[in-house]
$ cat start-v8.pdb   # PDB, N, CA and C atoms
ATOM      1  N   MET A   1       3.117  -6.811  18.140
ATOM      2  CA  MET A   1       3.560  -6.111  16.963
ATOM      3  C   MET A   1       3.579  -4.608  17.233
ATOM      4  N   LYS A   2       4.476  -3.949  16.555
ATOM      5  CA  LYS A   2       4.554  -2.508  16.689
ATOM      6  C   LYS A   2       3.402  -1.850  15.935
ATOM      7  N   ARG A   3       3.131  -0.619  16.301
ATOM      8  CA  ARG A   3       2.022   0.109  15.699
ATOM      9  C   ARG A   3       2.211   0.283  14.191
ATOM     10  N   GLN A   4       3.435   0.600  13.750
ATOM     11  CA  GLN A   4       3.660   0.811  12.323
ATOM     12  C   GLN A   4       3.505  -0.486  11.547
ATOM     13  N   GLN A   5       3.791  -1.613  12.163
ATOM     14  CA  GLN A   5       3.607  -2.891  11.489
ATOM     15  C   GLN A   5       2.126  -3.219  11.355
ATOM     16  N   VAL A   6       1.348  -2.875  12.351
ATOM     17  CA  VAL A   6      -0.084  -3.144  12.304
ATOM     18  C   VAL A   6      -0.764  -2.254  11.274
ATOM     19  N   LEU A   7      -0.314  -1.011  11.141
ATOM     20  CA  LEU A   7      -0.947  -0.068  10.216
ATOM     21  C   LEU A   7      -0.486  -0.234   8.774
ATOM     22  N   ALA A   8       0.510  -1.037   8.526
ATOM     23  CA  ALA A   8       1.037  -1.186   7.168
ATOM     24  C   ALA A   8      -0.007  -1.785   6.226
ATOM     25  N   LEU A   9      -0.730  -2.795   6.663
ATOM     26  CA  LEU A   9      -1.708  -3.442   5.793
ATOM     27  C   LEU A   9      -2.883  -2.530   5.452
ATOM     28  N   PRO A  10      -3.542  -1.897   6.427
ATOM     29  CA  PRO A  10      -4.668  -1.023   6.052
ATOM     30  C   PRO A  10      -4.257   0.158   5.177
ATOM     31  N   ILE A  11      -3.109   0.749   5.442
ATOM     32  CA  ILE A  11      -2.657   1.876   4.627
ATOM     33  C   ILE A  11      -2.324   1.403   3.218
ATOM     34  N   GLY A  12      -1.723   0.236   3.099
ATOM     35  CA  GLY A  12      -1.434  -0.334   1.788
ATOM     36  C   GLY A  12      -2.701  -0.608   0.985
ATOM     37  N   MET A  13      -3.728  -1.113   1.649
ATOM     38  CA  MET A  13      -4.988  -1.385   0.968
ATOM     39  C   MET A  13      -5.694  -0.089   0.551
ATOM     40  N   ILE A  14      -5.617   0.925   1.383
ATOM     41  CA  ILE A  14      -6.222   2.217   1.038
ATOM     42  C   ILE A  14      -5.507   2.835  -0.159
ATOM     43  N   CYS A  15      -4.192   2.750  -0.203
ATOM     44  CA  CYS A  15      -3.440   3.265  -1.356
ATOM     45  C   CYS A  15      -3.841   2.548  -2.637
ATOM     46  N   LEU A  16      -4.002   1.234  -2.570
ATOM     47  CA  LEU A  16      -4.403   0.470  -3.740
ATOM     48  C   LEU A  16      -5.813   0.842  -4.182
ATOM     49  N   ALA A  17      -6.718   1.007  -3.239
ATOM     50  CA  ALA A  17      -8.094   1.378  -3.578
ATOM     51  C   ALA A  17      -8.144   2.756  -4.233
ATOM     52  N   ILE A  18      -7.379   3.710  -3.704
ATOM     53  CA  ILE A  18      -7.345   5.048  -4.290
ATOM     54  C   ILE A  18      -6.788   5.000  -5.703
ATOM     55  N   ALA A  19      -5.740   4.214  -5.918
ATOM     56  CA  ALA A  19      -5.156   4.099  -7.258
ATOM     57  C   ALA A  19      -6.156   3.494  -8.243
ATOM     58  N   ILE A  20      -6.888   2.497  -7.823
ATOM     59  CA  ILE A  20      -7.884   1.881  -8.707
ATOM     60  C   ILE A  20      -9.000   2.858  -9.021
ATOM     61  N   LEU A  21      -9.479   3.589  -8.022
ATOM     62  CA  LEU A  21     -10.540   4.565  -8.254
ATOM     63  C   LEU A  21     -10.076   5.710  -9.139
ATOM     64  N   MET A  22      -8.818   6.121  -8.977
ATOM     65  CA  MET A  22      -8.278   7.170  -9.840
ATOM     66  C   MET A  22      -8.266   6.711 -11.292
ATOM     67  N   GLU A  23      -7.889   5.462 -11.505
ATOM     68  CA  GLU A  23      -7.824   4.937 -12.874
ATOM     69  C   GLU A  23      -9.206   4.877 -13.504
ATOM     70  N   LYS A  24     -10.203   4.521 -12.700
ATOM     71  CA  LYS A  24     -11.551   4.365 -13.234
ATOM     72  C   LYS A  24     -12.228   5.707 -13.518
ATOM     73  N   PHE A  25     -12.082   6.678 -12.632
ATOM     74  CA  PHE A  25     -12.933   7.857 -12.690
ATOM     75  C   PHE A  25     -12.247   9.156 -13.102
ATOM     76  N   LEU A  26     -10.944   9.235 -13.070
ATOM     77  CA  LEU A  26     -10.264  10.474 -13.439
ATOM     78  C   LEU A  26      -9.703  10.365 -14.853
ATOM     79  N   PRO A  27      -9.589  11.490 -15.537
ATOM     80  CA  PRO A  27      -9.035  11.451 -16.899
ATOM     81  C   PRO A  27      -7.550  11.092 -16.863
ATOM     82  N   ALA A  28      -7.102  10.499 -17.939
ATOM     83  CA  ALA A  28      -5.701  10.067 -18.014
ATOM     84  C   ALA A  28      -4.827  11.231 -18.456
ATOM     85  N   ASN A  29      -3.823  11.525 -17.655
ATOM     86  CA  ASN A  29      -2.760  12.444 -18.058
ATOM     87  C   ASN A  29      -1.485  11.999 -17.350
ATOM     88  N   ASN A  30      -0.379  12.603 -17.693
ATOM     89  CA  ASN A  30       0.911  12.139 -17.181
ATOM     90  C   ASN A  30       1.010  12.234 -15.667
ATOM     91  N   PHE A  31       0.537  13.326 -15.097
ATOM     92  CA  PHE A  31       0.646  13.515 -13.654
ATOM     93  C   PHE A  31      -0.186  12.479 -12.894
ATOM     94  N   LEU A  32      -1.432  12.272 -13.317
ATOM     95  CA  LEU A  32      -2.281  11.311 -12.621
ATOM     96  C   LEU A  32      -1.776   9.881 -12.804
ATOM     97  N   ASP A  33      -1.216   9.573 -13.966
ATOM     98  CA  ASP A  33      -0.627   8.250 -14.163
ATOM     99  C   ASP A  33       0.555   8.030 -13.221
ATOM    100  N   PHE A  34       1.349   9.079 -13.015
ATOM    101  CA  PHE A  34       2.468   8.976 -12.076
ATOM    102  C   PHE A  34       1.970   8.734 -10.659
ATOM    103  N   ILE A  35       0.952   9.464 -10.238
ATOM    104  CA  ILE A  35       0.397   9.302  -8.885
ATOM    105  C   ILE A  35      -0.195   7.901  -8.715
ATOM    106  N   GLU A  36      -0.880   7.396  -9.734
ATOM    107  CA  GLU A  36      -1.424   6.030  -9.665
ATOM    108  C   GLU A  36      -0.309   5.005  -9.492
ATOM    109  N   GLY A  37       0.751   5.159 -10.251
ATOM    110  CA  GLY A  37       1.881   4.241 -10.138
ATOM    111  C   GLY A  37       2.554   4.338  -8.781
ATOM    112  N   LEU A  38       2.670   5.554  -8.274
ATOM    113  CA  LEU A  38       3.265   5.754  -6.954
ATOM    114  C   LEU A  38       2.424   5.091  -5.869
ATOM    115  N   LEU A  39       1.119   5.265  -5.923
ATOM    116  CA  LEU A  39       0.236   4.646  -4.929
ATOM    117  C   LEU A  39       0.241   3.127  -5.040
ATOM    118  N   THR A  40       0.284   2.613  -6.255
ATOM    119  CA  THR A  40       0.326   1.161  -6.443
ATOM    120  C   THR A  40       1.631   0.589  -5.890
ATOM    121  N   GLY A  41       2.742   1.238  -6.193
ATOM    122  CA  GLY A  41       4.030   0.780  -5.673
ATOM    123  C   GLY A  41       4.104   0.857  -4.163
ATOM    124  N   LEU A  42       3.589   1.940  -3.596
ATOM    125  CA  LEU A  42       3.563   2.078  -2.140
ATOM    126  C   LEU A  42       2.711   0.990  -1.511
ATOM    127  N   SER A  43       1.612   0.665  -2.154
ATOM    128  CA  SER A  43       0.751  -0.404  -1.660
ATOM    129  C   SER A  43       1.477  -1.744  -1.652
ATOM    130  N   ILE A  44       2.192  -2.035  -2.722
ATOM    131  CA  ILE A  44       2.940  -3.298  -2.797
ATOM    132  C   ILE A  44       3.989  -3.374  -1.703
ATOM    133  N   VAL A  45       4.722  -2.290  -1.512
ATOM    134  CA  VAL A  45       5.775  -2.268  -0.492
ATOM    135  C   VAL A  45       5.193  -2.450   0.902
ATOM    136  N   LEU A  46       4.118  -1.743   1.216
ATOM    137  CA  LEU A  46       3.529  -1.852   2.552
ATOM    138  C   LEU A  46       2.926  -3.230   2.801
ATOM    139  N   ASN A  47       2.309  -3.816   1.794
ATOM    140  CA  ASN A  47       1.729  -5.146   1.981
ATOM    141  C   ASN A  47       2.802  -6.213   2.160
ATOM    142  N   ILE A  48       3.879  -6.131   1.409
ATOM    143  CA  ILE A  48       4.984  -7.085   1.577
ATOM    144  C   ILE A  48       5.656  -6.886   2.940
ATOM    145  N   TYR A  49       5.805  -5.632   3.374
ATOM    146  CA  TYR A  49       6.368  -5.356   4.695
ATOM    147  C   TYR A  49       5.509  -5.997   5.784
ATOM    148  N   TYR A  50       4.193  -5.903   5.655
ATOM    149  CA  TYR A  50       3.304  -6.503   6.642
ATOM    150  C   TYR A  50       3.451  -8.021   6.664
ATOM    151  N   ILE A  51       3.548  -8.633   5.494
ATOM    152  CA  ILE A  51       3.699 -10.088   5.420
ATOM    153  C   ILE A  51       4.990 -10.521   6.102
ATOM    154  N   PHE A  52       6.096  -9.806   5.837
ATOM    155  CA  PHE A  52       7.358 -10.151   6.486
ATOM    156  C   PHE A  52       7.303  -9.916   7.993
ATOM    157  N   ALA A  53       6.623  -8.863   8.433
ATOM    158  CA  ALA A  53       6.518  -8.591   9.868
ATOM    159  C   ALA A  53       5.729  -9.687  10.573
ATOM    160  N   VAL A  54       4.657 -10.136   9.958
ATOM    161  CA  VAL A  54       3.851 -11.194  10.569
ATOM    162  C   VAL A  54       4.613 -12.513  10.593
ATOM    163  N   SER A  55       5.312 -12.830   9.494
ATOM    164  CA  SER A  55       6.058 -14.091   9.484
ATOM    165  C   SER A  55       7.226 -14.054  10.451
ATOM    166  N   HIS A  56       7.859 -12.880  10.619
ATOM    167  CA  HIS A  56       8.951 -12.757  11.574
ATOM    168  C   HIS A  56       8.439 -12.910  13.008
ATOM    169  N   LYS A  57       7.242 -12.377  13.284
ATOM    170  CA  LYS A  57       6.669 -12.498  14.608
ATOM    171  C   LYS A  57       6.323 -13.964  14.916
ATOM    172  N   ASN A  58       5.841 -14.696  13.906
ATOM    173  CA  ASN A  58       5.472 -16.092  14.121
ATOM    174  C   ASN A  58       6.692 -16.987  14.330
ATOM    175  N   LYS A  59       7.843 -16.594  13.812
ATOM    176  CA  LYS A  59       9.042 -17.400  14.008
ATOM    177  C   LYS A  59       9.577 -17.292  15.435
ATOM    178  N   LYS A  60       9.300 -16.195  16.102
ATOM    179  CA  LYS A  60       9.798 -16.021  17.479
ATOM    180  C   LYS A  60       9.025 -16.804  18.443
TER     181      LYS A  60
END
$ encode --input "start-v8.pdb" --output "structure tokens"
Amino acid sequence: MKRQQVLALPIGMICLAIAILMEKFLPANNFLDFIEGLLTGLSIVLNIYYIFAVSHKNKK
């Protein structure tokens, strides 16, 4: 696997953890809500990318 494919899962999990911690401990305002949504979406994209990369590697 390529390096970017291997790093997709850990970076996605870190983004999700940061978004969850932001929601729990920081006050709610429009800017922080946007950043939380951005991190959550980035996490979803990176995790799905990793799943497709692993399944594509297993098919070969």
$ residues_near_point --input "start-v8.pdb" --point "(8.4, -6.7, 7.7)" --cutoff "12 Å" --atoms "only C-alpha atoms" --output "ChimeraX atom specification"
/A:1-2,4-9,45-58
$ atom_distance --input "start-v8.pdb" --atom1 "atom C of Cys15 of chain A" --atom2 "atom C of Leu42 of chain A"
6.8 Å
$ atom_distance --input "start-v8.pdb" --atom1 "atom C of Arg3 of chain A" --atom2 "atom C of Lys59 of chain A"
19.1 Å
$ resolve_selection --input "start-v8.pdb" --expression "the PyMOL selection byres ((chain A and resi 39) around 8)" --output "PyMOL selection string"
chain A and resi 12+14-20+33-38+40-45
$ atom_distance --input "start-v8.pdb" --atom1 "atom C of Phe25 of chain A" --atom2 "atom N of Pro10 of chain A"
24.1 Å
